[in-house]
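With PDB, C-alpha atoms and all ligand atoms inside, this is start07.pdb:
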```pdb
ATOM      1  CA  MET A   1     112.153  94.928 121.338
ATOM      2  CA  ASP A   2     111.398  91.303 120.647
ATOM      3  CA  PHE A   3     110.413  91.797 117.048
ATOM      4  CA  LYS A   4     112.022  90.818 113.758
ATOM      5  CA  LEU A   5     111.013  91.296 110.173
ATOM      6  CA  SER A   6     112.598  90.135 106.952
ATOM      7  CA  THR A   7     111.422  89.553 103.417
ATOM      8  CA  ARG A   8     112.139  86.961 100.773
ATOM      9  CA  ARG A   9     110.631  85.912  97.475
ATOM     10  CA  ALA A  10     109.186  82.569  96.378
ATOM     11  CA  ASP A  11     107.021  81.628  93.389
ATOM     12  CA  GLY A  12     106.528  85.286  92.464
ATOM     13  CA  VAL A  13     105.198  86.046  95.926
ATOM     14  CA  GLN A  14     106.829  88.454  98.336
ATOM     15  CA  ILE A  15     106.965  86.808 101.741
ATOM     16  CA  VAL A  16     107.178  88.983 104.818
ATOM     17  CA  ASP A  17     108.491  86.915 107.717
ATOM     18  CA  VAL A  18     107.507  88.414 111.006
ATOM     19  CA  ALA A  19     108.745  87.122 114.347
ATOM     20  CA  GLY A  20     108.167  88.020 117.966
ATOM     21  CA  ARG A  21     105.515  90.386 119.201
ATOM     22  CA  ILE A  22     103.575  92.729 116.911
ATOM     23  CA  THR A  23     102.626  95.429 119.357
ATOM     24  CA  ALA A  24     102.104  99.188 119.386
ATOM     25  CA  GLY A  25     105.249 101.173 118.689
ATOM     26  CA  ASP A  26     108.358 100.040 116.835
ATOM     27  CA  ALA A  27     106.990  96.673 115.722
ATOM     28  CA  VAL A  28     103.824  98.090 114.193
ATOM     29  CA  ALA A  29     105.784 100.928 112.571
ATOM     30  CA  ALA A  30     108.297  98.491 111.080
ATOM     31  CA  PHE A  31     105.544  96.268 109.729
ATOM     32  CA  ARG A  32     103.739  99.257 108.191
ATOM     33  CA  GLN A  33     106.943 100.395 106.508
ATOM     34  CA  ALA A  34     107.650  96.919 105.152
ATOM     35  CA  ILE A  35     104.216  96.709 103.533
ATOM     36  CA  ARG A  36     104.606 100.224 102.104
ATOM     37  CA  ASP A  37     107.961  99.252 100.626
ATOM     38  CA  GLU A  38     106.503  96.145  98.990
ATOM     39  CA  ILE A  39     103.674  98.158  97.480
ATOM     40  CA  ALA A  40     106.058 100.881  96.305
ATOM     41  CA  ASN A  41     108.109  98.177  94.605
ATOM     42  CA  GLY A  42     105.015  96.886  92.849
ATOM     43  CA  ASN A  43     104.914  93.577  94.692
ATOM     44  CA  ASN A  44     101.216  92.832  94.530
ATOM     45  CA  LYS A  45     101.308  89.315  95.947
ATOM     46  CA  ILE A  46     102.199  89.499  99.602
ATOM     47  CA  LEU A  47     102.260  86.671 102.096
ATOM     48  CA  VAL A  48     102.625  87.591 105.744
ATOM     49  CA  ASN A  49     104.205  84.623 107.492
ATOM     50  CA  LEU A  50     103.266  84.686 111.164
ATOM     51  CA  LYS A  51     104.933  81.395 112.059
ATOM     52  CA  ASP A  52     107.238  82.900 114.684
ATOM     53  CA  VAL A  53     104.862  85.537 115.966
ATOM     54  CA  SER A  54     104.080  84.896 119.614
ATOM     55  CA  TYR A  55     101.679  87.740 120.228
ATOM     56  CA  ILE A  56      99.703  90.404 118.380
ATOM     57  CA  ASP A  57      97.955  93.205 120.260
ATOM     58  CA  SER A  58      95.078  95.343 118.990
ATOM     59  CA  SER A  59      97.464  97.809 117.333
ATOM     60  CA  GLY A  60      99.175  94.989 115.509
ATOM     61  CA  LEU A  61      95.838  93.584 114.432
ATOM     62  CA  GLY A  62      94.766  97.039 113.246
ATOM     63  CA  GLU A  63      97.949  97.285 111.206
ATOM     64  CA  LEU A  64      97.264  93.914 109.554
ATOM     65  CA  ILE A  65      93.805  95.176 108.587
ATOM     66  CA  MET A  66      95.312  98.395 107.222
ATOM     67  CA  ALA A  67      97.826  96.425 105.197
ATOM     68  CA  LEU A  68      95.098  94.213 103.772
ATOM     69  CA  GLY A  69      93.017  97.252 102.841
ATOM     70  CA  THR A  70      95.969  98.931 101.161
ATOM     71  CA  VAL A  71      97.116  95.890  99.192
ATOM     72  CA  THR A  72      93.585  95.004  98.074
ATOM     73  CA  GLN A  73      92.518  98.554  97.257
ATOM     74  CA  THR A  74      90.427  99.058  94.152
ATOM     75  CA  ILE A  75      92.145 100.679  91.219
ATOM     76  CA  CYS A  76      91.226 101.754  87.707
ATOM     77  CA  ALA A  77      91.761  98.860  85.308
ATOM     78  CA  SER A  78      92.899 101.252  82.583
ATOM     79  CA  CYS A  79      95.350 103.598  84.243
ATOM     80  CA  GLY A  80      95.909 102.156  87.715
ATOM     81  CA  ALA A  81      94.726 105.197  89.668
ATOM     82  CA  THR A  82      92.994 104.528  92.977
ATOM     83  CA  VAL A  83      89.214 104.791  92.666
ATOM     84  CA  PHE A  84      86.845 105.579  95.490
ATOM     85  CA  LYS A  85      83.201 105.195  96.339
ATOM     86  CA  ASP A  86      80.917 108.213  96.373
ATOM     87  CA  GLU A  87      78.778 109.123  99.388
ATOM     88  CA  ASP A  88      76.078 106.672  98.269
ATOM     89  CA  GLY A  89      78.549 103.801  98.208
ATOM     90  CA  ASN A  90      78.730 103.577  94.429
ATOM     91  CA  TRP A  91      82.050 103.466  92.652
ATOM     92  CA  ASP A  92      83.091 106.706  91.039
ATOM     93  CA  THR A  93      84.469 106.677  87.535
ATOM     94  CA  CYS A  94      88.248 107.091  87.470
ATOM     95  CA  SER A  95      89.219 110.694  88.149
ATOM     96  CA  GLN A  96      92.250 110.334  85.860
ATOM     97  CA  CYS A  97      90.836 108.714  82.742
ATOM     98  CA  GLU A  98      87.044 108.437  83.309
ATOM     99  CA  SER A  99      87.168 104.663  82.956
ATOM    100  CA  LYS A 100      84.506 102.601  84.720
ATOM    101  CA  GLU A 101      86.585  99.426  84.692
ATOM    102  CA  ARG A 102      88.020  98.502  88.056
ATOM    103  CA  LYS A 103      90.220  95.827  89.535
ATOM    104  CA  THR A 104      91.862  94.940  92.817
ATOM    105  CA  TRP A 105      95.477  96.037  93.088
ATOM    106  CA  GLY A 106      96.895  93.001  94.822
ATOM    107  CA  GLN A 107      96.480  90.058  97.142
ATOM    108  CA  MET A 108      97.590  89.631 100.720
ATOM    109  CA  LYS A 109      97.450  86.369 102.644
ATOM    110  CA  ILE A 110      98.510  85.131 106.026
ATOM    111  CA  SER A 111     100.199  81.864 106.860
ATOM    112  CA  ASN A 112     101.057  79.863 109.955
ATOM    113  CA  PRO A 113      99.256  81.854 112.633
ATOM    114  CA  GLY A 114     100.044  80.585 116.121
ATOM    115  CA  ARG A 115      97.546  79.876 118.873
ATOM    116  CA  GLN A 116      97.160  83.430 120.195
ATOM    117  CA  VAL A 117      96.876  84.937 116.728
ATOM    118  CA  THR A 118      94.345  82.331 115.624
ATOM    119  CA  ASP A 119      92.257  82.929 118.743
ATOM    120  CA  LEU A 120      92.435  86.693 118.220
ATOM    121  CA  LEU A 121      91.366  86.413 114.581
ATOM    122  CA  GLN A 122      88.482  84.124 115.479
ATOM    123  CA  PHE A 123      87.372  86.187 118.459
ATOM    124  CA  THR A 124      87.304  89.353 116.358
ATOM    125  CA  LYS A 125      85.632  87.506 113.466
ATOM    126  CA  LEU A 126      88.513  88.535 111.231
ATOM    127  CA  TYR A 127      89.604  85.017 110.438
ATOM    128  CA  ALA A 128      87.369  85.004 107.358
ATOM    129  CA  VAL A 129      88.415  88.515 106.333
ATOM    130  CA  PHE A 130      92.023  87.464 106.001
ATOM    131  CA  ASP A 131      92.914  84.620 103.714
ATOM    132  CA  VAL A 132      94.565  82.453 106.351
ATOM    133  CA  HIS A 133      96.574  79.354 105.486
ATOM    134  CA  GLN A 134      98.095  76.794 107.822
ATOM    135  CA  SER A 135     101.243  76.343 105.801
ATOM    136  CA  GLU A 136     103.402  78.480 103.581
ATOM    137  CA  GLN A 137     103.188  75.904 100.807
ATOM    138  CA  GLU A 138      99.409  76.013 100.809
ATOM    139  CA  ALA A 139      99.385  79.812 100.908
ATOM    140  CA  LEU A 140     101.800  80.117  97.978
ATOM    141  CA  ALA A 141      99.714  77.708  95.932
ATOM    142  CA  SER A 142      96.589  79.770  96.564
ATOM    143  CA  PHE A 143      97.882  82.912  94.895
ATOM    144  CA  SER A 144      96.329  83.166  91.494
ATOM    145  CA  ILE A 145      98.631  82.798  88.525
ATOM    146  CA  SER A 146      96.988  85.724  86.745
ATOM    147  CA  ARG A 147      98.556  89.139  87.062
TER     148      ARG A 147
HETATM  149 ZN    ZN B   1      91.819 105.516  85.062
END
```

Could you render the structure from this file as structure tokens?
Amino acid sequence: MDFKLSTRRADGVQIVDVAGRITAGDAVAAFRQAIRDEIANGNNKILVNLKDVSYIDSSGLGELIMALGTVTQTICASCGATVFKDEDGNWDTCSQCESKERKTWGQMKISNPGRQVTDLLQFTKLYAVFDVHQSEQEALASFSISR
């Protein structure tokens, strides 16, 4: 399997370096686990560095979307429980503490997408959904200082 993943930390941001091909199977599973681990460890600023990724298939793209949704999920501002929308699309009050205050759990950004990944993101109109940066430096600077 031509896939590698490692993590490092810079400026309070957890950087997930991915290399090779993010395709269905081991690569997608490894990426999913890495994001879960970061979330479990409370790392709410995650930068996915795609610099050395040569190819992402639809499964890999789906996993990136899942990761974004998980990291940026809406939580109760008081107790941190996940809050959901009701069937009408309105936010429920927190089931744990009844609070109506909400916030986003974390931030996830992408840096250094290669040609194929950029084309894929643009073709699927996901380029704007992800916060994509051309360099790691620029991406790190874009994370808000606030916690
Ligand atoms: Zn709550």

Apply the PyMOL selection byres (((chain A and resi 30-39) around 12) and not hetatm) to the displayed file and report the matching residues as a VMD selection string. chain A and resid 1 3 to 9 13 to 29 40 to 50 56 59 to 73 105 to 108

Residues of chain A that approach ligand ZN 1 (chain B) to 12 Å or less, counting all atoms listed in the file: could you list each one with the shortest pair of atoms and its distance in Å to one decimal, rows by chain and increasing residue number, as a Markdown table?
```
| residue | atom | partner | partner_atom | distance |
| --- | --- | --- | --- | --- |
| A:Thr74 | CA | B:ZN1 | ZN | 11.2 |
| A:Ile75 | CA | B:ZN1 | ZN | 7.8 |
| A:Cys76 | CA | B:ZN1 | ZN | 4.6 |
| A:Ala77 | CA | B:ZN1 | ZN | 6.7 |
| A:Ser78 | CA | B:ZN1 | ZN | 5.0 |
| A:Cys79 | CA | B:ZN1 | ZN | 4.1 |
| A:Gly80 | CA | B:ZN1 | ZN | 5.9 |
| A:Ala81 | CA | B:ZN1 | ZN | 5.5 |
| A:Thr82 | CA | B:ZN1 | ZN | 8.1 |
| A:Val83 | CA | B:ZN1 | ZN | 8.1 |
| A:Phe84 | CA | B:ZN1 | ZN | 11.6 |
| A:Asp92 | CA | B:ZN1 | ZN | 10.6 |
| A:Thr93 | CA | B:ZN1 | ZN | 7.8 |
| A:Cys94 | CA | B:ZN1 | ZN | 4.6 |
| A:Ser95 | CA | B:ZN1 | ZN | 6.6 |
| A:Gln96 | CA | B:ZN1 | ZN | 4.9 |
| A:Cys97 | CA | B:ZN1 | ZN | 4.1 |
| A:Glu98 | CA | B:ZN1 | ZN | 5.9 |
| A:Ser99 | CA | B:ZN1 | ZN | 5.2 |
| A:Lys100 | CA | B:ZN1 | ZN | 7.9 |
| A:Glu101 | CA | B:ZN1 | ZN | 8.0 |
| A:Arg102 | CA | B:ZN1 | ZN | 8.5 |
| A:Lys103 | CA | B:ZN1 | ZN | 10.8 |
```

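The interatomic distance for the pair atom CA of A:Gln137 and atom CA of A:Ser58 works out to 27.8 Å.
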
Smallest atom-to-atom distance to A:Thr124: which of A:Asp2, A:Asp57, A:Phe143, A:Thr104, using only C-alpha atoms?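 Going through A:Asp2, A:Asp57, A:Phe143, A:Thr104 one by one, the smallest distance to A:Thr124 is for A:Asp57.
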
Between atom CA of A:Tyr55 and atom CA of A:Gly114, what is the distance, to one decimal in Å?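 For atom CA of A:Tyr55 relative to atom CA of A:Gly114, the distance reads 8.4 Å.
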
Atomic separation - atom CA of A:Arg115 relative to atom CA of A:Ala128, Å: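 We find that atom CA of A:Ala128 and atom CA of A:Arg115 lie 16.2 Å from each other.
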
Put a box with edges along x, y and z around all the listed atoms of stretch 48-67 of chain A, pad it by 6 Å on each side, then give me its centre and sizes in Å, one decimal, as AutoDock Vina command-line options.
```
--center_x 100.5 --center_y 89.9 --center_z 112.7 --size_x 25.4 --size_y 29.0 --size_z 27.1
```

Could you model N, CA, C and O atoms for stretch 99-115 of chain A and present them as a tab-separated table (two decimals), in the frame of the given file?
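Final file, selection27.tsv:
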```
chain	number	residue	atom	x	y	z
A	99	SER	N	87.53	106.06	83.18
A	99	SER	CA	87.17	104.66	82.96
A	99	SER	C	86.26	104.16	84.07
A	99	SER	O	86.36	104.58	85.21
A	100	LYS	N	85.37	103.22	83.71
A	100	LYS	CA	84.51	102.60	84.72
A	100	LYS	C	84.99	101.21	85.08
A	100	LYS	O	84.40	100.54	85.92
A	101	GLU	N	86.06	100.76	84.41
A	101	GLU	CA	86.58	99.43	84.69
A	101	GLU	C	87.48	99.48	85.93
A	101	GLU	O	88.32	100.35	86.05
A	102	ARG	N	87.25	98.51	86.83
A	102	ARG	CA	88.02	98.50	88.06
A	102	ARG	C	88.63	97.13	88.30
A	102	ARG	O	88.17	96.14	87.78
A	103	LYS	N	89.68	97.11	89.10
A	103	LYS	CA	90.22	95.83	89.54
A	103	LYS	C	90.87	96.02	90.90
A	103	LYS	O	91.07	97.14	91.36
A	104	THR	N	91.20	94.90	91.52
A	104	THR	CA	91.86	94.94	92.82
A	104	THR	C	93.36	94.99	92.59
A	104	THR	O	93.88	94.26	91.75
A	105	TRP	N	94.05	95.87	93.35
A	105	TRP	CA	95.48	96.04	93.09
A	105	TRP	C	96.26	94.76	93.35
A	105	TRP	O	97.05	94.33	92.53
A	106	GLY	N	96.08	94.17	94.50
A	106	GLY	CA	96.90	93.00	94.82
A	106	GLY	C	96.22	92.03	95.77
A	106	GLY	O	95.03	92.17	96.06
A	107	GLN	N	96.99	91.07	96.22
A	107	GLN	CA	96.48	90.06	97.14
A	107	GLN	C	97.40	89.99	98.37
A	107	GLN	O	98.62	90.09	98.22
A	108	MET	N	96.80	89.84	99.51
A	108	MET	CA	97.59	89.63	100.72
A	108	MET	C	97.02	88.45	101.49
A	108	MET	O	95.80	88.36	101.66
A	109	LYS	N	97.89	87.54	101.89
A	109	LYS	CA	97.45	86.37	102.64
A	109	LYS	C	98.31	86.21	103.89
A	109	LYS	O	99.36	86.82	104.00
A	110	ILE	N	97.81	85.37	104.77
A	110	ILE	CA	98.51	85.13	106.03
A	110	ILE	C	98.78	83.64	106.14
A	110	ILE	O	97.94	82.83	105.74
A	111	SER	N	99.96	83.29	106.63
A	111	SER	CA	100.20	81.86	106.86
A	111	SER	C	100.74	81.60	108.26
A	111	SER	O	101.31	82.48	108.89
A	112	ASN	N	100.52	80.38	108.70
A	112	ASN	CA	101.06	79.86	109.96
A	112	ASN	C	100.75	80.69	111.21
A	112	ASN	O	101.65	80.93	112.02
A	113	PRO	N	99.51	81.12	111.39
A	113	PRO	CA	99.26	81.85	112.63
A	113	PRO	C	99.35	80.90	113.83
A	113	PRO	O	98.90	79.77	113.75
A	114	GLY	N	99.94	81.39	114.90
A	114	GLY	CA	100.04	80.58	116.12
A	114	GLY	C	98.73	80.61	116.89
A	114	GLY	O	97.74	81.17	116.43
A	115	ARG	N	98.76	80.02	118.07
A	115	ARG	CA	97.55	79.88	118.87
A	115	ARG	C	96.91	81.23	119.23
A	115	ARG	O	95.73	81.45	119.01
```
